[in-house]
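Visitor: Below is the file my_file26.txt, which contains compact mmCIF, C-alpha atoms and all ligand atoms.
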# COMPACT_ATOMS: atom_id res chain seq x y z
CA MET B 14 12.62 24.74 -32.82
CA SER B 15 12.05 21.07 -32.18
CA ALA B 16 15.01 18.77 -32.64
CA HIS B 17 14.79 16.44 -35.59
CA ARG B 18 14.69 12.79 -34.54
CA PRO B 19 15.48 9.94 -36.89
CA VAL B 20 12.34 8.02 -37.80
CA GLY B 21 13.66 4.82 -36.19
CA HIS B 22 14.11 6.49 -32.79
CA ASN B 23 10.50 6.12 -31.70
CA ALA B 24 9.90 2.84 -33.47
CA PRO B 25 9.89 0.63 -30.35
CA VAL B 26 7.45 2.96 -28.59
CA VAL B 27 5.13 3.07 -31.61
CA ALA B 28 5.33 -0.71 -31.99
CA LEU B 29 4.51 -1.22 -28.30
CA SER B 30 1.56 1.12 -28.50
CA LEU B 31 0.25 -0.74 -31.59
CA ILE B 32 0.64 -4.09 -29.84
CA ARG B 33 -1.17 -2.69 -26.78
CA ARG B 34 -4.05 -1.62 -29.02
CA LEU B 35 -4.37 -5.19 -30.28
CA VAL B 36 -5.10 -6.34 -26.70
CA PRO B 37 -8.88 -6.22 -26.15
CA VAL B 38 -10.03 -3.44 -23.79
CA PRO B 39 -11.43 -5.77 -21.07
CA VAL B 40 -8.13 -7.68 -20.99
CA ARG B 41 -6.21 -4.38 -20.74
CA ALA B 42 -8.45 -3.33 -17.83
CA ARG B 43 -7.86 -6.67 -16.08
CA LEU B 44 -4.12 -6.29 -16.56
CA ARG B 45 -4.23 -2.77 -15.12
CA ARG B 46 -6.20 -4.00 -12.10
CA TRP B 47 -3.77 -6.89 -11.65
CA ARG B 48 -0.78 -4.53 -11.75
CA ALA B 49 -2.40 -2.04 -9.36
CA GLY B 50 -3.23 -4.83 -6.93
CA SER B 51 -0.01 -6.77 -7.41
CA PRO B 52 1.12 -7.60 -3.93
CA ASP B 53 4.56 -6.17 -3.57
CA PRO B 54 7.24 -4.72 -5.84
CA ARG B 55 9.78 -7.10 -4.29
CA GLY B 56 7.78 -10.14 -5.30
CA LEU B 57 6.39 -11.01 -1.86
CA ARG B 58 2.92 -12.53 -2.24
CA VAL B 59 0.80 -12.51 0.87
CA ALA B 60 -2.61 -14.14 1.34
CA TYR B 61 -4.97 -14.17 4.34
CA ARG B 62 -7.63 -16.65 5.44
CA ALA B 63 -10.03 -16.17 8.33
CA LEU B 64 -10.17 -18.93 10.94
CA PRO B 65 -13.20 -17.83 12.96
CA GLY B 66 -13.62 -21.05 14.94
CA LEU B 67 -10.06 -21.31 16.20
CA PRO B 68 -10.05 -21.68 20.00
CA ILE B 69 -8.26 -18.97 21.97
CA GLY B 70 -4.72 -20.04 22.76
CA GLY B 71 -4.88 -22.68 20.03
CA TYR B 72 -1.69 -21.45 18.46
CA ASP B 73 1.64 -19.91 19.32
CA ALA B 74 0.69 -16.27 19.11
CA THR B 75 4.28 -15.07 18.82
CA GLY B 76 5.24 -17.64 16.19
CA ASN B 77 5.74 -15.12 13.42
CA THR B 78 9.12 -15.18 11.74
CA HIS B 79 8.90 -11.94 9.80
CA GLY B 80 7.66 -13.54 6.63
CA THR B 81 10.21 -15.52 4.72
CA HIS B 82 12.83 -12.93 5.47
CA LEU B 83 14.39 -14.49 8.49
CA ASN B 84 13.79 -17.98 9.72
CA GLU B 85 13.72 -19.08 13.32
CA SER B 86 17.48 -19.69 13.44
CA GLY B 87 18.19 -16.27 11.91
CA ASP B 88 19.59 -17.75 8.71
CA ILE B 89 21.77 -14.88 7.49
CA ARG B 90 22.02 -16.29 3.96
CA GLU B 91 18.24 -16.00 3.59
CA LEU B 92 18.33 -12.55 5.09
CA ASP B 93 20.97 -11.43 2.60
CA GLU B 94 18.80 -12.68 -0.20
CA TYR B 95 15.90 -10.68 1.17
CA ILE B 96 17.94 -7.53 1.66
CA ARG B 97 19.17 -7.68 -1.93
CA THR B 98 15.58 -7.23 -3.09
CA PHE B 99 15.52 -3.84 -1.42
CA ASP B 100 16.79 -0.44 -2.26
CA PRO B 101 16.20 2.64 -0.13
CA GLU B 102 13.91 4.32 -2.67
CA LEU B 103 11.76 1.23 -3.01
CA GLU B 104 11.59 0.88 0.77
CA GLN B 105 10.60 4.50 1.17
CA ASN B 106 7.69 3.96 -1.21
CA LEU B 107 6.24 0.79 0.24
CA ALA B 108 2.69 1.42 1.43
CA GLY B 109 3.31 0.26 4.98
CA VAL B 110 6.55 2.21 5.34
CA ARG B 111 4.85 5.38 4.10
CA ASP B 112 1.94 4.90 6.50
CA THR B 113 4.26 4.46 9.48
CA LEU B 114 6.58 7.32 8.55
CA GLY B 115 3.55 9.49 7.75
CA LEU B 116 2.08 9.12 11.26
CA LEU B 117 5.48 9.62 12.91
CA HIS B 118 6.31 12.72 10.90
CA ARG B 119 2.86 14.35 10.76
CA GLN B 120 1.52 13.53 14.22
CA VAL B 121 4.44 12.59 16.46
CA ALA B 122 7.25 14.93 15.40
CA PRO B 123 5.35 18.13 16.40
CA LEU B 124 4.80 16.70 19.92
CA VAL B 125 8.33 15.53 20.78
CA SER B 126 11.82 16.97 20.93
CA PRO B 127 14.04 16.78 17.81
CA GLU B 128 16.23 14.32 19.78
CA ALA B 129 13.33 12.14 20.97
CA SER B 130 14.00 8.51 21.81
CA LEU B 131 12.01 5.91 19.88
CA LEU B 132 11.63 2.24 20.79
CA ASP B 133 10.62 0.18 17.74
CA VAL B 134 8.99 -2.95 19.21
CA GLY B 135 8.86 -5.81 16.70
CA CYS B 136 11.35 -3.99 14.51
CA GLY B 137 11.81 -6.87 12.03
CA ILE B 138 15.02 -6.24 10.14
CA GLY B 139 15.24 -2.77 11.71
CA ARG B 140 14.46 -0.86 8.54
CA PHE B 141 13.08 2.15 10.42
CA ALA B 142 16.52 2.64 11.97
CA SER B 143 17.76 4.05 8.66
CA LEU B 144 14.45 5.30 7.25
CA LEU B 145 13.84 7.59 10.23
CA ARG B 146 17.31 9.04 9.92
CA ARG B 147 17.03 10.17 6.31
CA PRO B 148 18.49 13.70 5.94
CA GLY B 149 15.87 16.40 6.07
CA SER B 150 13.25 14.25 7.78
CA PRO B 151 11.77 15.51 11.09
CA SER B 152 13.01 12.30 12.74
CA ALA B 153 16.59 12.61 11.45
CA ARG B 154 17.98 13.16 14.99
CA TRP B 155 15.73 10.74 16.90
CA GLN B 156 17.53 8.11 18.98
CA TYR B 157 16.44 4.70 17.73
CA THR B 158 16.32 1.38 19.60
CA GLY B 159 14.89 -1.75 17.97
CA VAL B 160 13.36 -4.66 19.90
CA GLU B 161 12.84 -8.16 18.52
CA ARG B 162 11.86 -11.47 20.00
CA THR B 163 14.88 -13.67 19.22
CA ASP B 164 18.62 -13.20 19.67
CA ALA B 165 19.11 -14.36 16.07
CA ILE B 166 16.97 -11.59 14.57
CA VAL B 167 18.65 -9.04 16.85
CA THR B 168 22.11 -10.21 15.75
CA ALA B 169 21.04 -9.75 12.12
CA CYS B 170 19.68 -6.25 12.89
CA ARG B 171 22.96 -5.24 14.56
CA ARG B 172 24.86 -6.42 11.52
CA LEU B 173 22.56 -4.47 9.16
CA HIS B 174 22.54 -1.27 11.26
CA PRO B 175 25.88 -1.24 13.14
CA GLY B 176 25.36 2.19 14.73
CA ASP B 177 22.02 1.39 16.33
CA LEU B 178 20.92 -0.34 19.50
CA PHE B 179 18.88 -3.56 19.25
CA LEU B 180 17.52 -5.60 22.16
CA SER B 181 16.09 -9.11 22.32
CA THR B 182 13.10 -10.09 24.45
CA GLY B 183 14.36 -13.69 24.28
CA GLY B 184 10.75 -14.75 23.65
CA SER B 185 9.40 -13.08 26.79
CA PRO B 186 6.27 -10.95 26.40
CA THR B 187 8.02 -8.17 28.35
CA ILE B 188 9.94 -5.41 26.57
CA PRO B 189 13.47 -5.54 28.07
CA VAL B 190 13.69 -1.89 29.24
CA PRO B 191 12.66 -0.13 32.47
CA ASP B 192 9.39 1.78 32.88
CA ARG B 193 9.14 5.14 31.08
CA SER B 194 12.34 4.61 29.05
CA ALA B 195 11.39 6.07 25.67
CA ASP B 196 9.53 9.14 24.45
CA VAL B 197 7.81 7.16 21.70
CA VAL B 198 7.05 3.46 21.36
CA LEU B 199 6.39 2.26 17.81
CA ALA B 200 4.54 -0.97 17.01
CA SER B 201 4.45 -1.17 13.22
CA SER B 202 2.66 -4.28 11.91
CA MET B 203 3.43 -5.93 15.23
CA LEU B 204 0.44 -5.97 17.58
CA GLN B 205 -1.63 -8.31 15.39
CA TYR B 206 1.16 -10.91 15.59
CA THR B 207 0.91 -11.09 19.37
CA GLY B 208 -2.49 -12.77 18.88
CA ASP B 209 -4.61 -13.08 21.98
CA ALA B 210 -1.82 -11.49 24.04
CA TRP B 211 -2.31 -8.15 22.23
CA LEU B 212 -3.69 -6.27 25.23
CA THR B 213 -0.84 -7.46 27.47
CA ALA B 214 1.62 -6.38 24.75
CA LEU B 215 -0.03 -2.96 24.50
CA ALA B 216 -0.01 -2.61 28.32
CA ASP B 217 3.74 -3.24 28.31
CA MET B 218 4.20 -0.52 25.68
CA ALA B 219 2.25 1.82 27.97
CA ARG B 220 4.65 0.85 30.79
CA VAL B 221 7.81 1.73 28.84
CA THR B 222 6.69 4.94 27.10
CA ARG B 223 7.11 8.40 28.59
CA GLN B 224 4.79 10.07 26.11
CA LEU B 225 3.37 8.34 23.06
CA ILE B 226 2.60 4.98 21.45
CA ALA B 227 2.30 4.76 17.66
CA VAL B 228 0.45 1.64 16.52
CA THR B 229 0.68 1.50 12.74
CA ARG B 230 -0.09 -0.99 9.97
CA LEU B 231 -2.81 -2.45 12.19
CA PRO B 232 -5.51 -4.39 10.32
CA LEU B 233 -8.94 -3.58 11.78
CA LEU B 234 -12.37 -5.06 11.14
CA GLU B 235 -15.30 -2.66 10.93
CA GLN B 236 -18.24 -5.07 10.65
CA THR B 237 -16.89 -8.40 11.85
CA PRO B 238 -15.95 -9.49 15.39
CA SER B 239 -12.22 -9.95 16.07
CA THR B 240 -11.07 -12.99 14.09
CA HIS B 241 -8.03 -15.23 14.07
CA CYS B 242 -6.40 -15.46 10.66
CA GLU B 243 -3.77 -17.38 8.80
CA GLN B 244 -1.25 -15.50 6.70
CA THR B 245 0.62 -17.25 3.92
CA VAL B 246 3.75 -15.54 2.62
CA ARG B 247 5.32 -16.72 -0.63
CA TYR B 248 8.72 -15.42 -1.57
CA ALA B 249 11.54 -16.73 -3.73
CA GLY B 250 9.93 -20.16 -4.09
CA ARG B 251 9.37 -20.57 -0.34
CA GLU B 252 6.15 -20.46 1.61
CA GLU B 253 5.51 -19.75 5.29
CA THR B 254 2.36 -19.58 7.34
CA HIS B 255 1.82 -17.33 10.33
CA TRP B 256 -1.05 -16.76 12.72
CA LEU B 257 -2.41 -13.38 13.57
CA LEU B 258 -5.43 -11.66 15.02
CA PHE B 259 -7.55 -9.21 13.06
CA LEU B 260 -9.08 -7.08 15.80
CA SER B 261 -12.40 -5.34 15.42
CA ARG B 262 -12.12 -1.58 15.76
CA ARG B 263 -14.50 -1.80 18.71
CA ASP B 264 -12.30 -4.33 20.59
CA PHE B 265 -9.11 -2.40 19.85
CA GLU B 266 -10.48 0.95 20.97
CA ALA B 267 -12.11 -0.59 24.08
CA GLY B 268 -8.75 -2.19 24.95
CA VAL B 269 -6.99 1.16 24.55
CA ALA B 270 -9.49 2.80 26.90
CA SER B 271 -9.21 -0.04 29.43
CA LEU B 272 -5.48 0.70 29.76
CA GLY B 273 -6.18 4.36 30.54
CA LEU B 274 -4.83 5.46 27.16
CA ARG B 275 -6.35 8.05 24.90
CA ILE B 276 -6.51 8.10 21.09
CA LEU B 277 -4.72 11.29 20.07
CA ALA B 278 -4.93 10.66 16.33
CA SER B 279 -6.00 7.94 13.93
CA GLU B 280 -5.38 7.66 10.22
CA PRO B 281 -6.50 5.17 7.61
CA GLY B 282 -3.64 3.07 6.29
CA THR B 283 -3.12 2.16 2.65
CA GLU B 284 -2.44 -1.57 2.92
CA ALA B 285 -5.30 -3.81 1.80
CA MET B 286 -5.51 -7.36 3.12
CA PRO B 287 -8.08 -9.27 1.10
CA THR B 288 -9.06 -12.17 3.33
CA THR B 289 -10.77 -15.37 2.29
CA GLY B 290 -13.73 -16.12 4.52
CA LEU B 291 -14.47 -12.51 5.51
CA ARG B 292 -17.25 -10.45 3.97
CA GLU B 293 -15.53 -7.12 4.46
CA ASN B 294 -12.39 -5.66 2.93
CA VAL B 295 -9.66 -5.50 5.54
CA SER B 296 -7.27 -2.59 5.54
CA THR B 297 -4.73 -1.18 7.93
CA HIS B 298 -4.97 1.77 10.32
CA ALA B 299 -2.54 3.88 12.28
CA TYR B 300 -3.17 5.19 15.81
CA LEU B 301 -1.34 7.60 18.03
CA LEU B 302 -2.00 6.88 21.70
CA GLY B 303 -1.11 8.90 24.76
CA PRO B 304 -1.85 8.91 28.48
CA ARG B 305 -5.13 10.38 29.62
CA GLU B 306 -3.37 13.13 31.57
CA MET B 307 -2.41 14.77 28.24
CA ASP B 308 -6.09 15.91 27.99
C1 LIG B 401 5.49 -8.06 10.17
S1 LIG B 401 6.91 -7.79 11.14
C2 LIG B 401 6.96 -6.01 11.17
C3 LIG B 401 8.36 -5.46 11.08
C4 LIG B 401 8.48 -3.94 11.11
N1 LIG B 401 7.95 -3.39 12.33
C5 LIG B 401 7.82 -3.31 9.91
O1 LIG B 401 6.80 -2.62 10.04
O2 LIG B 401 8.33 -3.51 8.82
C6 LIG B 401 6.37 -8.18 12.78
C7 LIG B 401 7.52 -8.38 13.73
O3 LIG B 401 7.07 -8.36 15.08
C8 LIG B 401 7.90 -9.25 15.82
N2 LIG B 401 7.23 -9.60 17.07
C9 LIG B 401 6.06 -10.29 17.23
N3 LIG B 401 5.76 -10.42 18.53
C10 LIG B 401 6.75 -9.78 19.22
C11 LIG B 401 7.01 -9.53 20.60
N4 LIG B 401 6.18 -9.98 21.55
N5 LIG B 401 8.12 -8.83 20.94
C12 LIG B 401 8.96 -8.36 20.00
N6 LIG B 401 8.77 -8.55 18.67
C13 LIG B 401 7.68 -9.25 18.28
C14 LIG B 401 8.10 -10.42 14.87
O4 LIG B 401 9.23 -11.20 15.20
C15 LIG B 401 8.23 -9.72 13.53
O5 LIG B 401 9.56 -9.48 13.17
Output the file's structure in the form of C-alpha cells.

Guide:
Amino acid sequence: MSAHRPVGHNAPVVALSLIRRLVPVPVRARLRRWRAGSPDPRGLRVAYRALPGLPIGGYDATGNTHGTHLNESGDIRELDEYIRTFDPELEQNLAGVRDTLGLLHRQVAPLVSPEASLLDVGCGIGRFASLLRRPGSPSARWQYTGVERTDAIVTACRRLHPGDLFLSTGGSPTIPVPDRSADVVLASSMLQYTGDAWLTALADMARVTRQLIAVTRLPLLEQTPSTHCEQTVRYAGREETHWLLFLSRRDFEAGVASLGLRILASEPGTEAMPTTGLRENVSTHAYLLGPREMD
C-alpha cells in the first residue's frame, strides 16, 4: 500500500519540472553540455593555449606553483582556503584522482607487496598520502613518501599529513633519495610541468625506482608534434599562468625506450584539456613503466 502524501509535498518538484519544460530544448541541451563539461566541482577553471613557436628553454620549466593552491612562498592562508573546497568524497571522484588510483590499484597492486613503498614525485598538496590509505583499498598499507620542489610546499604537506614523509628537492632536478629506494615511483600530472627537462626527470625516476614507474594524468598529442603550452588557472578570483609541455605520444614512447624502460600497461585517462591553437582534442593518459629485464 503506497503511503498517502499531502498534495503540497511534491509541489516544488512539479513546479521545477514545469519551469524546466518552459526552457527551449536547444537551450536545455546547451545547459546539459555546459554542466557536463564544467571544469571542476571545486570551481577551478583551467584553460590551455598552444605556443608552438616558443624556443626551447624560453621559460622556467619548473615554474609551476600547483595552480592557485599554493603560491611560491607557500602561503598557508591560501592553502587553507583551497583545502576547504575539498572533501574526501569529492576528491575521490575527481577524474584525475580516479585515473591515478585506477592505474595504481588495477595494474600496480597485483605486482607489488602489500607493504610496497611509493614515492610520489610532484605530490602537490600530498593528497595521495591519504587517498592511497583508504580502508579496504589495495594500497592501504603502502608506505608513502611525497616529493615536492620547494621547502614551503613540503612544510604545508607535512602539516596536512602529519604521519607521512615529505622531501623537498629544493629546486634541484634530482629526486633527493638514493638509487633504487622505492618499489613504485608515481608522477601524477607532473612530468608535463618539467617542460623540456622531461626526459631527465623520467631518467631520475628510473634511477630511484626498484620496480615500477606510474606516469599518470599525462596529456599526449596523437596527431601534433610535441608543443609548449600555457595553462591559465582561475580560482577564487585569482589567476595564474603556468608553462607546460604537451608531448606527442611518439616522443614520449621513444623517450621511454631510450631510457631502457618498457611500457607494461597504458590506459586512456578521463581528463580533457581543450587547447586553443591545436586541431586535436587533448586528453590524458596513464602509463606503467618497468625495466626491460622484467620481460
Ligand atoms: C599539477 S601538480 C600535481 C599534483 C599531484 N601529483 C596530483 O596529481 O594531484 C604538479 C606538481 O608537480 C610539482 N613539480 C614540478 N616539477 C617538479 C620537480 N622537478 N620535482 C618535484 N616536483 C615537481 C609542482 O610543484 C606541482 O606541485

Visitor: Show me, as a Markdown table, the residues of chain B having an atom within 9 Å of ligand LIG 401 (chain B), each with the closest atom pair and its distance in Å, using all atoms listed in the file.

Guide:
| residue | atom | partner | partner_atom | distance |
| --- | --- | --- | --- | --- |
| B:Ala74 | CA | B:LIG401 | N3 | 7.8 |
| B:Thr75 | CA | B:LIG401 | N3 | 4.9 |
| B:Gly76 | CA | B:LIG401 | C9 | 7.5 |
| B:Asn77 | CA | B:LIG401 | C14 | 5.5 |
| B:Thr78 | CA | B:LIG401 | O4 | 5.3 |
| B:His79 | CA | B:LIG401 | O5 | 4.2 |
| B:Gly80 | CA | B:LIG401 | C1 | 6.9 |
| B:Leu83 | CA | B:LIG401 | O5 | 8.4 |
| B:Gly109 | CA | B:LIG401 | O1 | 6.8 |
| B:Val110 | CA | B:LIG401 | O1 | 6.7 |
| B:Thr113 | CA | B:LIG401 | O1 | 7.5 |
| B:Asp133 | CA | B:LIG401 | N1 | 7.0 |
| B:Val134 | CA | B:LIG401 | C12 | 5.5 |
| B:Gly135 | CA | B:LIG401 | N6 | 3.4 |
| B:Cys136 | CA | B:LIG401 | N1 | 4.1 |
| B:Gly137 | CA | B:LIG401 | O5 | 3.6 |
| B:Ile138 | CA | B:LIG401 | C3 | 6.8 |
| B:Gly139 | CA | B:LIG401 | C4 | 6.9 |
| B:Arg140 | CA | B:LIG401 | O2 | 6.7 |
| B:Phe141 | CA | B:LIG401 | O2 | 7.6 |
| B:Val160 | CA | B:LIG401 | C12 | 5.7 |
| B:Glu161 | CA | B:LIG401 | N6 | 4.1 |
| B:Arg162 | CA | B:LIG401 | C12 | 4.3 |
| B:Thr163 | CA | B:LIG401 | O4 | 7.4 |
| B:Ile166 | CA | B:LIG401 | O4 | 7.8 |
| B:Ser181 | CA | B:LIG401 | C12 | 7.5 |
| B:Thr182 | CA | B:LIG401 | N5 | 6.2 |
| B:Gly183 | CA | B:LIG401 | N5 | 8.6 |
| B:Gly184 | CA | B:LIG401 | N4 | 6.9 |
| B:Ser185 | CA | B:LIG401 | N4 | 6.9 |
| B:Pro186 | CA | B:LIG401 | N4 | 4.9 |
| B:Thr187 | CA | B:LIG401 | N4 | 7.3 |
| B:Ile188 | CA | B:LIG401 | N5 | 6.8 |
| B:Leu199 | CA | B:LIG401 | N1 | 8.0 |
| B:Ala200 | CA | B:LIG401 | N1 | 6.3 |
| B:Ser201 | CA | B:LIG401 | O1 | 4.2 |
| B:Ser202 | CA | B:LIG401 | C2 | 4.7 |
| B:Met203 | CA | B:LIG401 | O3 | 4.4 |
| B:Leu204 | CA | B:LIG401 | N3 | 7.0 |
| B:Gln205 | CA | B:LIG401 | C9 | 8.2 |
| B:Tyr206 | CA | B:LIG401 | C9 | 5.2 |
| B:Thr207 | CA | B:LIG401 | N3 | 5.0 |
| B:Gly208 | CA | B:LIG401 | N3 | 8.6 |
| B:Ala210 | CA | B:LIG401 | N4 | 8.5 |
| B:Trp211 | CA | B:LIG401 | N4 | 8.7 |
| B:Ala214 | CA | B:LIG401 | N4 | 6.6 |
| B:Thr229 | CA | B:LIG401 | O1 | 7.9 |
| B:Arg230 | CA | B:LIG401 | O1 | 7.1 |

Visitor: Nearest residue to Leu231 (chain B) out of B:Gly66, B:Pro281, B:Gly159, B:Gly115, using only C-alpha atoms?

Guide: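 Looking only at the distances to Leu231 (chain B), the closest residue turns out to be B:Pro281.
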
Visitor: Mind listing as a count of residues only all residues within 9 Å of (-9.2, -5.0, 12.4), counting all atoms listed in the file?

Guide: 22

Visitor: For the atom pair CA of Asp196 (chain B) and CA of Ala122 (chain B), what is the interatomic distance in Å to one decimal place?

Guide: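 Taking CA of Asp196 (chain B) as the start and CA of Ala122 (chain B) as the end point, the length is 11.0 Å.
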
Visitor: For a quick check of understanding, using only C-alpha atoms, which of B:Cys170, B:Cys242, B:Leu225, B:Leu144 has the smallest distance to Met286 (chain B)?

Guide: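 Counting only C-alpha atoms, the residue closest to Met286 (chain B) is B:Cys242.
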
Visitor: What is the distance between CA of Leu107 (chain B) and CA of Arg146 (chain B), in Å to one decimal?

Guide: 16.9 Å

Visitor: Could you give me, as a VMD selection string, the residues that sit within 9 Å of (15.3, 4.8, 18.6) in the file's coordinates, counting all atoms listed in the file?

Guide: chain B and resid 129 to 133 141 to 142 145 155 to 159 177 to 178 195 197 to 198

Visitor: Write out, as a PDB file, in the coordinates of the input, the residues just selected, with C-alpha atoms.

Guide:
ATOM      1  CA  ALA B 129      13.330  12.140  20.970  1.00  0.00           C
ATOM      2  CA  SER B 130      14.000   8.510  21.810  1.00  0.00           C
ATOM      3  CA  LEU B 131      12.010   5.910  19.880  1.00  0.00           C
ATOM      4  CA  LEU B 132      11.630   2.240  20.790  1.00  0.00           C
ATOM      5  CA  ASP B 133      10.620   0.180  17.740  1.00  0.00           C
ATOM      6  CA  PHE B 141      13.080   2.150  10.420  1.00  0.00           C
ATOM      7  CA  ALA B 142      16.520   2.640  11.970  1.00  0.00           C
ATOM      8  CA  LEU B 145      13.840   7.590  10.230  1.00  0.00           C
ATOM      9  CA  TRP B 155      15.730  10.740  16.900  1.00  0.00           C
ATOM     10  CA  GLN B 156      17.530   8.110  18.980  1.00  0.00           C
ATOM     11  CA  TYR B 157      16.440   4.700  17.730  1.00  0.00           C
ATOM     12  CA  THR B 158      16.320   1.380  19.600  1.00  0.00           C
ATOM     13  CA  GLY B 159      14.890  -1.750  17.970  1.00  0.00           C
ATOM     14  CA  ASP B 177      22.020   1.390  16.330  1.00  0.00           C
ATOM     15  CA  LEU B 178      20.920  -0.340  19.500  1.00  0.00           C
ATOM     16  CA  ALA B 195      11.390   6.070  25.670  1.00  0.00           C
ATOM     17  CA  VAL B 197       7.810   7.160  21.700  1.00  0.00           C
ATOM     18  CA  VAL B 198       7.050   3.460  21.360  1.00  0.00           C
TER      19      VAL B 198
END

Visitor: So what do you get for CA of Val190 (chain B) versus CA of Arg220 (chain B), distance-wise?

Guide: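 CA of Arg220 (chain B) lies at a distance of 9.6 Å from CA of Val190 (chain B).
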
Visitor: Excluding Asp192 (chain B) and its own-chain neighbours fewer than 5 positions away, which residues fall within 9 Å of it when counting only C-alpha atoms? Please give them as a compact mmCIF listing (two decimals) with C-alpha atoms, in the coordinates of the input.

Guide:
# COMPACT_ATOMS: atom_id res chain seq x y z
CA ASP B 217 3.74 -3.24 28.31
CA ALA B 219 2.25 1.82 27.97
CA ARG B 220 4.65 0.85 30.79
CA VAL B 221 7.81 1.73 28.84
CA THR B 222 6.69 4.94 27.10
CA ARG B 223 7.11 8.40 28.59

Visitor: Which residue is closest to Gly56 (chain B)? Choose from B:Ala278, B:Ala267, B:Val246, B:Leu257 and count all atoms listed in the file.

Guide: B:Val246

Visitor: Choose the residue, out of B:Ser152, B:His255, B:Glu104, B:Arg147, that has the smallest atom-to-atom separation from Pro127 (chain B); count all atoms listed in the file.

Guide: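 Nearest to Pro127 (chain B): B:Ser152.
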
Visitor: Would you mind completing region 187-198 of chain B to N, CA and C atoms and writing the output as a PDB file, in the coordinates of the input?

Guide:
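File rebuild_3.pdb, as written:
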ATOM      1  N   THR B 187       7.668  -9.468  27.754  1.00  0.00           N
ATOM      2  CA  THR B 187       8.020  -8.170  28.350  1.00  0.00           C
ATOM      3  C   THR B 187       9.109  -7.472  27.549  1.00  0.00           C
ATOM      4  N   ILE B 188       8.923  -6.197  27.290  1.00  0.00           N
ATOM      5  CA  ILE B 188       9.940  -5.410  26.570  1.00  0.00           C
ATOM      6  C   ILE B 188      11.110  -5.191  27.533  1.00  0.00           C
ATOM      7  N   PRO B 189      12.350  -5.504  27.107  1.00  0.00           N
ATOM      8  CA  PRO B 189      13.470  -5.540  28.070  1.00  0.00           C
ATOM      9  C   PRO B 189      14.058  -4.159  28.385  1.00  0.00           C
ATOM     10  N   VAL B 190      13.213  -3.221  28.797  1.00  0.00           N
ATOM     11  CA  VAL B 190      13.690  -1.890  29.240  1.00  0.00           C
ATOM     12  C   VAL B 190      12.863  -1.470  30.446  1.00  0.00           C
ATOM     13  N   PRO B 191      13.419  -0.572  31.290  1.00  0.00           N
ATOM     14  CA  PRO B 191      12.660  -0.130  32.470  1.00  0.00           C
ATOM     15  C   PRO B 191      11.422   0.696  32.096  1.00  0.00           C
ATOM     16  N   ASP B 192      10.579   0.940  33.086  1.00  0.00           N
ATOM     17  CA  ASP B 192       9.390   1.780  32.880  1.00  0.00           C
ATOM     18  C   ASP B 192       9.812   3.155  32.369  1.00  0.00           C
ATOM     19  N   ARG B 193       8.975   3.758  31.574  1.00  0.00           N
ATOM     20  CA  ARG B 193       9.140   5.140  31.080  1.00  0.00           C
ATOM     21  C   ARG B 193      10.546   5.386  30.508  1.00  0.00           C
ATOM     22  N   SER B 194      10.986   4.497  29.606  1.00  0.00           N
ATOM     23  CA  SER B 194      12.340   4.610  29.050  1.00  0.00           C
ATOM     24  C   SER B 194      12.419   5.380  27.754  1.00  0.00           C
ATOM     25  N   ALA B 195      11.307   5.467  27.011  1.00  0.00           N
ATOM     26  CA  ALA B 195      11.390   6.070  25.670  1.00  0.00           C
ATOM     27  C   ALA B 195      10.284   7.113  25.505  1.00  0.00           C
ATOM     28  N   ASP B 196      10.567   8.134  24.708  1.00  0.00           N
ATOM     29  CA  ASP B 196       9.530   9.140  24.450  1.00  0.00           C
ATOM     30  C   ASP B 196       8.405   8.555  23.600  1.00  0.00           C
ATOM     31  N   VAL B 197       8.793   7.720  22.634  1.00  0.00           N
ATOM     32  CA  VAL B 197       7.810   7.160  21.700  1.00  0.00           C
ATOM     33  C   VAL B 197       8.050   5.656  21.585  1.00  0.00           C
ATOM     34  N   VAL B 198       6.964   4.885  21.681  1.00  0.00           N
ATOM     35  CA  VAL B 198       7.050   3.460  21.360  1.00  0.00           C
ATOM     36  C   VAL B 198       6.327   3.258  20.038  1.00  0.00           C
TER      37      VAL B 198
END
